[in-house]
Structure formats: C-alpha cells, structure tokens
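Encoded as structure tokens, the structure appears first; notes follow it.
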Amino acid sequence: MLLAPLAHVSREVAATSGRTRKISLLAGLFRTAGPSDVPVVIPYLAGRLPQGRIGVGWNALKDPPPPAVRATLTVHDVDAAFTALAAVAGEGAQSERRRLVQELLGAATAEEQRFLIGLVSGEVRQGALGALATEALAGASGANGDAVRRAVMLAGSLQEVAGRLLAEGPHVLEQFRLTVGRPVLPMLAQSAGSISEAIARLGECVVEEKLDGIRVQVHRDGATVRIFTRTLDDITDRLPEVVAVAEGLDGDRFVLDGEIIALDAEGRPRPFQEVAGRVGSRSDVRSAAAALPLSPVFFDILAADGEDLLDLTFAERHTALARLVPEPMRVRRTVVVDASSEEAEAAGDAEAADQGRAAAEDFLRETLERGHEGVVIKALDAQYSAGRRGAGWLKIKPVHTLDLVVLAAEWGHGRRTGKLSNLHLGARRPDGTFAMLGKTFKGLTDALLTWQTERLGELALSDDGFTVTVRPEQVVEIAYDGLQRSSRYPAGVTLRFARVLRYRDDKRAEDADTVETVLAAHGRGGEPAE
C-alpha cells in the first residue's frame, strides 16, 4: 500500500468534525489496505510509531529537501526507514539520523512530507482509533459492529483483529474469546464535574477510591501468573511481590483488575513517579522490591474459575471479587443508593438520596485526606466495557491549575499548519527568570490557535522555522493532573497531562506562579510528589 492515501486520509480526518464522514474516510482506507499493512496503518493514524521513540528531534526534521513529484513510498518502506532510524546509536548518531530522515523526506511528496514530519514530531492527533476506527473496520469488512468491538476488546489489539478480519473475513471474529493469560484492554472512566452529577447520571452506584498508581491486570492459570499494564505490556518479572499475592489467593484460574501502589510508614501513598520508576526497573528486581515494596489493590474481576464474567453487572462481579480477594487487598468503597427519581420520591426516599450523596461527598473528602487523587463512581448495573471509557464509570478528582508564562511555541502541522501550537510553559524563579515545566498543545480551539499565533507573533524574539521564542510576558492558565520528576527540565519536574484553560490578560508575568509554589503544592518541604 502506498503512503499517499494514508497521508491524505489522515489530513482529511483531521480537517472534518463529522463522525460519519470520518468513519467513511477510514473505511475507504481500510478497503485499500492489505492485511499486512494494518500493523503500520493503524498506529500511524493514531500518531504513533510502532518502533516507539526513534531519537529524531527537530534538527533532523528542519530544512527538508524538495518533495518528490510522484508518490512511490509504501507504508512498508516508511516502516523500514523508521526501524533503521531506531537502530542508530553511538558516535555520529545524530548526523546519521539526519541523513536517514532527509533521505526519507526526499522520497516523499509534499503531502507525505507534512504527514511524516507531523508523525515524528507528535503533531498527528486526529483521534482516528477507538470507536471510529472499529466502526470503519466493520464497514470495510461487512462484519457486525458489535462483534468487531468485542473482538478488539478481547484481543487487546485493533491491529490484530483488523489484520485477521481483512484476511479471513467476518467469521474469524468468533475465535476471539476471553482467555486467562491473555490481557484485554482495561475499562476506563469518563469524567464528571461533581458527586451530584455522577449520581444523577448513574443511579444506584458505588464510590471507590481513585488510586494514583500503575494499572495492572493479573492473570493466574494454575501455577502460571502473568501481570500486564494498561498498555498490555508484560511486567511479571518486575513484580515478584504481586506474583506472590496472586499465588496465595484461593483460586487457580482468574483475571483481576486493579492498581499497584507504594505506601509510606504512615500508610499514605508514595509519589507516582517512585512507583513508575520501580515498575520500569528491570535490573536487580529483588533489591528494588525490598527498597520499595508495592501493594496490589483490586477493584474488579474479569474471570473466575476460568469463567468469563465480562457480561455480568458490576455488583455481580464485585461479589465474585469479594469471594476471591480479602478485603485489605480490595479498594475502599461505599455504596450509594440513588432515590432522586420521581418514583422514589413518591415512595418517600428523597431523604435517603440526600444522605447517600452526603455520604459520597464525605467519602471523597476522606479519600483526598488519605492522599489519593479522587474517586471513581461506578454504576452497580454496569458491564465491563473493556478498552472503552464506559458510561458506567465516572471519575472525579480535583483539578490543579497554574498561571504560567509562555516562553516559546512550536509551529503546528496538519490542520494546525501555519499556526503556533505547542506551548513551552514556565514558572518564575526567585531571580526573575523562568524555569520551563513542560509543553502542551491540549485544550486549544481553532479560535484560540488563531489568537495565540497573532499574540505570540507580537512577542517573538526569534524563529528557527520550528520554534518561535517569545518575550516572557503572556500568562496562560493551565490545568494539569500533577507533577512527575524529569531531568529534562531545569526545576527537575514536569507537568502531567497539561492543557490550556484560558489566557490571563489580567495578569502580568510577575504575577505567575513560582517554581517554589509549584513544588510546595505537591510534596512535603517542596519535594515533588507526583
């Protein structure tokens, strides 16, 4: 398959807001793709490289050669080029990467160049996967949409299902079943603004602590235990204490869903970054486990005694979970019975509804005091919607905000071509200079992109063709989920999941938040806590 139709569809999908049109574009592309193309096409549509990080920065991308007149590159040519780039290492690596990138761009047409630069730089963000791509795949293959969604859920991979479906036809979907030892994509939660809003949407529900740990799926099949991350990576060998917990449970064929966290001497959760560092460590695992033991906390069960429980209600699944997992290893929760409907009020249960909401508010407050990040409210009748942000799970957590100063902005790609997009964000130092805390292009509407391009152009100090450095004068309000340690930034931390809320023309740069304030808000004595 040529790269050209993929680059064209990617641009078209990014440019349209209509769901039906997006699905139609993707379905047409899937009809063109062969089964062997799918493992490359789907990640590219999502803005990902199958190779992961390939070490290519802006210096290798700038000043591209003249584009090719005719499209000749195939998706496999590009995949092979990125594989070669990922393998470059040692002395002269930077020069060799630039040579390979320029060679690849020289073989690409103008539209293909824009797509490849955006893909490598991380600016391809059109949301082509998930429900849209699944529906498009169903349309392209003539398969039932629900059957495709379930197969993707159970396979844990849209690429795998797409490849087999296009090669073998709709009948192959019956072969995808929940299998102990094979991970499925986890169910995720949508966001809600308040306890009252969540309860009104869900009715009878339960409120659970939202833990800021690493999501894990624990499979046990007899003597074999496997542990997988949210992205389905196998991390079994790194978590001997979690393996031991699974081996000690009174069951031999089950699948558990939960989080792993670390607790300090007072029983409070330790920083997420410490847990992430421990899970990411592959060397001397026993010493690492002794230095920072991790504790699993389970909140759902997908299989018990080898039986698939996905279609049971959450209440039924929790009953099965409670039979297998002792209470100390289950997430803290409280059940809320909603009685806000007209029928319930007529039955005299309105007071019970108010008491339930008050109890949920108290539970949220206690959870935050215990050091956790919020709560998840779950409908008692919800099935397990693996791989999706199911409407039956709603998360509530405080939103952290900061007033930061824009230090620079990067020129956008795709639908953001010609607009200043990715913002470099800084907090004040004691000497009046600014320490960069991270970047974001999240939360920017088209109108805001247009405004900030004009405004930051007025403040521009330099423009190297990729990044515009500006006078540190414009204040922007940023929402974020926490901090994590990072050696890439001068303050030693970076923002997690930063997004733009609004520009603050009512504030001057000297009114922006300081590095000291940021650190103090997330740790004891200024030590970053997330």
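To be explicit about the labels: the chains of the structure tokens are called A, B, and onward in the order shown, and within each one the residues are counted from 1, while ligands get numbers from 1 in the order they are shown.
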
As a ChimeraX atom specification, please: every residue in segment 42-116 of chain A that DSSP puts in helix (DSSP H, G or I). /A:42-45,58-61,75-87,93-106,110-116

Gln217 of chain A: which residues within 7 Å, counting only C-alpha atoms, same-chain residues fewer than 3 positions away excluded, as a PyMOL selection string? chain A and resi 227-229+255-258

For segment 415-424 of chain A, please output as JSON, numbers by chain all residues within 6 Å (counting only C-alpha atoms; exclusion window: fewer than 4 positions along the same chain). {"A": [406, 407, 408, 409, 410, 411, 439, 440, 441, 453]}

List as a ChimeraX atom specification the protein and nucleic acid residues near His372 of chain A, meaning an atom at most 12 Å away when only C-alpha atoms are counted, but skip any in the same chain fewer than 2 places from it. /A:208-213,261-263,267-272,331-332,363-370,374-376,396-398,482,529-530

DSSP on the backbone, strand (DSSP E) only: what residues of segment 152-393 of chain A does that give? Format it as an NGL selection string. :A and (188-191 or 205-210 or 214-221 or 224-229 or 253-261 or 295-304 or 307-308 or 333-336 or 374-379 or 389-393)

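Near segment 37-43 of chain A, within 7 Å and counting only C-alpha atoms, sit Met1, Leu49, Pro50, Val75, Gln159, Ala162 and Gly163 of chain A, not including residues fewer than 6 positions from it in the same chain.
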
For the selection you just gave me, I'd like the residues written to a file as a PDB file, in the first residue's frame, keeping C-alpha atoms.
```pdb
ATOM      1  CA  MET A   1       0.000   0.000   0.000  1.00  0.00           C
ATOM      2  CA  LEU A  49       5.288   4.799  15.573  1.00  0.00           C
ATOM      3  CA  PRO A  50       5.349   1.010  16.115  1.00  0.00           C
ATOM      4  CA  VAL A  75       3.909   2.157   4.186  1.00  0.00           C
ATOM      5  CA  GLN A 159      -4.318  -4.231  14.632  1.00  0.00           C
ATOM      6  CA  ALA A 162      -8.106  -5.863  11.611  1.00  0.00           C
ATOM      7  CA  GLY A 163      -5.373  -7.995  10.054  1.00  0.00           C
TER       8      GLY A 163
END
```

So that I can see what lies close to Phe115 of chain A, please list as a PDB file with N, CA and C atoms, in the first residue's frame the residues with an atom at most 9 Å from it, counting only C-alpha atoms and leaving out residues fewer than 4 positions away in the same chain.
```
ATOM      1  N   LEU A   6      -2.790   7.121   2.750  1.00  0.00           N
ATOM      2  CA  LEU A   6      -2.799   7.215   4.207  1.00  0.00           C
ATOM      3  C   LEU A   6      -2.589   8.663   4.651  1.00  0.00           C
ATOM      4  N   ALA A   7      -1.612   9.352   4.039  1.00  0.00           N
ATOM      5  CA  ALA A   7      -1.352  10.750   4.380  1.00  0.00           C
ATOM      6  C   ALA A   7      -2.561  11.615   4.049  1.00  0.00           C
ATOM      7  N   HIS A   8      -3.200  11.324   2.920  1.00  0.00           N
ATOM      8  CA  HIS A   8      -4.365  12.113   2.513  1.00  0.00           C
ATOM      9  C   HIS A   8      -5.535  11.903   3.466  1.00  0.00           C
ATOM     10  N   SER A  10      -5.422  10.882   6.557  1.00  0.00           N
ATOM     11  CA  SER A  10      -5.075  11.462   7.851  1.00  0.00           C
ATOM     12  C   SER A  10      -5.394  12.948   7.869  1.00  0.00           C
ATOM     13  N   ARG A  11      -5.044  13.647   6.797  1.00  0.00           N
ATOM     14  CA  ARG A  11      -5.324  15.082   6.725  1.00  0.00           C
ATOM     15  C   ARG A  11      -6.830  15.343   6.669  1.00  0.00           C
ATOM     16  N   ALA A 110       4.930  16.387  -1.240  1.00  0.00           N
ATOM     17  CA  ALA A 110       4.723  17.470  -0.275  1.00  0.00           C
ATOM     18  C   ALA A 110       3.737  17.057   0.816  1.00  0.00           C
ATOM     19  N   GLU A 111       2.633  16.411   0.423  1.00  0.00           N
ATOM     20  CA  GLU A 111       1.649  15.991   1.431  1.00  0.00           C
ATOM     21  C   GLU A 111       2.224  14.895   2.326  1.00  0.00           C
ATOM     22  N   LEU A 119       4.069  13.134  12.088  1.00  0.00           N
ATOM     23  CA  LEU A 119       4.094  11.838  12.762  1.00  0.00           C
ATOM     24  C   LEU A 119       5.289  11.750  13.711  1.00  0.00           C
ATOM     25  N   VAL A 120       6.455  12.168  13.238  1.00  0.00           N
ATOM     26  CA  VAL A 120       7.666  12.087  14.058  1.00  0.00           C
ATOM     27  C   VAL A 120       7.644  13.111  15.186  1.00  0.00           C
ATOM     28  N   VAL A 124       0.492  14.584  14.885  1.00  0.00           N
ATOM     29  CA  VAL A 124      -0.629  13.872  14.264  1.00  0.00           C
ATOM     30  C   VAL A 124      -1.537  13.417  15.387  1.00  0.00           C
ATOM     31  N   HIS A 413       1.439  21.330  12.657  1.00  0.00           N
ATOM     32  CA  HIS A 413       1.386  20.545  11.423  1.00  0.00           C
ATOM     33  C   HIS A 413      -0.046  20.089  11.194  1.00  0.00           C
ATOM     34  N   GLY A 414      -0.301  19.483  10.049  1.00  0.00           N
ATOM     35  CA  GLY A 414      -1.641  19.005   9.763  1.00  0.00           C
ATOM     36  C   GLY A 414      -2.615  20.161   9.722  1.00  0.00           C
TER      37      GLY A 414
END
```

Residue with smallest distance to Asp308 of chain A - pool A:Gln190, A:Thr179, A:Thr224, A:Thr401, counting only C-alpha atoms: A:Thr179

So, counting only C-alpha atoms, which residue among A:Ala93, A:Val9, A:Ala81, A:Ala107 is closest to Ala68 of chain A?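 Residue with the minimum atom-to-atom distance to Ala68 of chain A: A:Ala107.
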
Quick one: everything within 10 Å of Thr334 of chain A, counting only C-alpha atoms, minus sequence neighbours fewer than 5 positions away in the same chain. Send it as a PyMOL selection string. chain A and resi 205-209+356+359-360+363+377

Keeping only C-alpha atoms, write the selected residues as a PDB file, in the first residue's frame.
```pdb
ATOM      1  CA  CYS A 205     -23.809   3.165  42.306  1.00  0.00           C
ATOM      2  CA  VAL A 206     -20.703   2.698  44.410  1.00  0.00           C
ATOM      3  CA  VAL A 207     -17.984   5.243  45.196  1.00  0.00           C
ATOM      4  CA  GLU A 208     -14.411   3.904  45.190  1.00  0.00           C
ATOM      5  CA  GLU A 209     -11.063   5.488  45.912  1.00  0.00           C
ATOM      6  CA  GLY A 356     -26.383   8.955  50.037  1.00  0.00           C
ATOM      7  CA  ALA A 359     -22.014  10.103  52.345  1.00  0.00           C
ATOM      8  CA  ALA A 360     -20.373  10.143  48.917  1.00  0.00           C
ATOM      9  CA  PHE A 363     -16.008   9.658  51.214  1.00  0.00           C
ATOM     10  CA  ILE A 377     -18.225   6.299  40.859  1.00  0.00           C
TER      11      ILE A 377
END
```

Using only C-alpha atoms, which of A:Leu61, A:Ala136, A:Val161, A:Ala155 sits nearest Ser36 of chain A?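 So, comparing all the options, the nearest one is A:Val161.
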
Mind giving me the straight-line distance from atom CA of Leu292 of chain A to atom CA of Ile214 of chain A in Å, one decimal? 14.1 Å

Which of these residues is nearest to Glu168 of chain A, using only C-alpha atoms: A:Ala143, A:Val297, A:Leu324, A:Val218?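 Among A:Ala143, A:Val297, A:Leu324, A:Val218, it is A:Ala143 that comes nearest to Glu168 of chain A.
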
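Across the model, the gap from atom CA of Ala138 of chain A to atom CA of Glu174 of chain A is 14.2 Å.
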
As an exercise, work out the distance from atom CA of Leu437 of chain A to atom CA of Ile117 of chain A in Å and give it to one decimal place. 24.6 Å
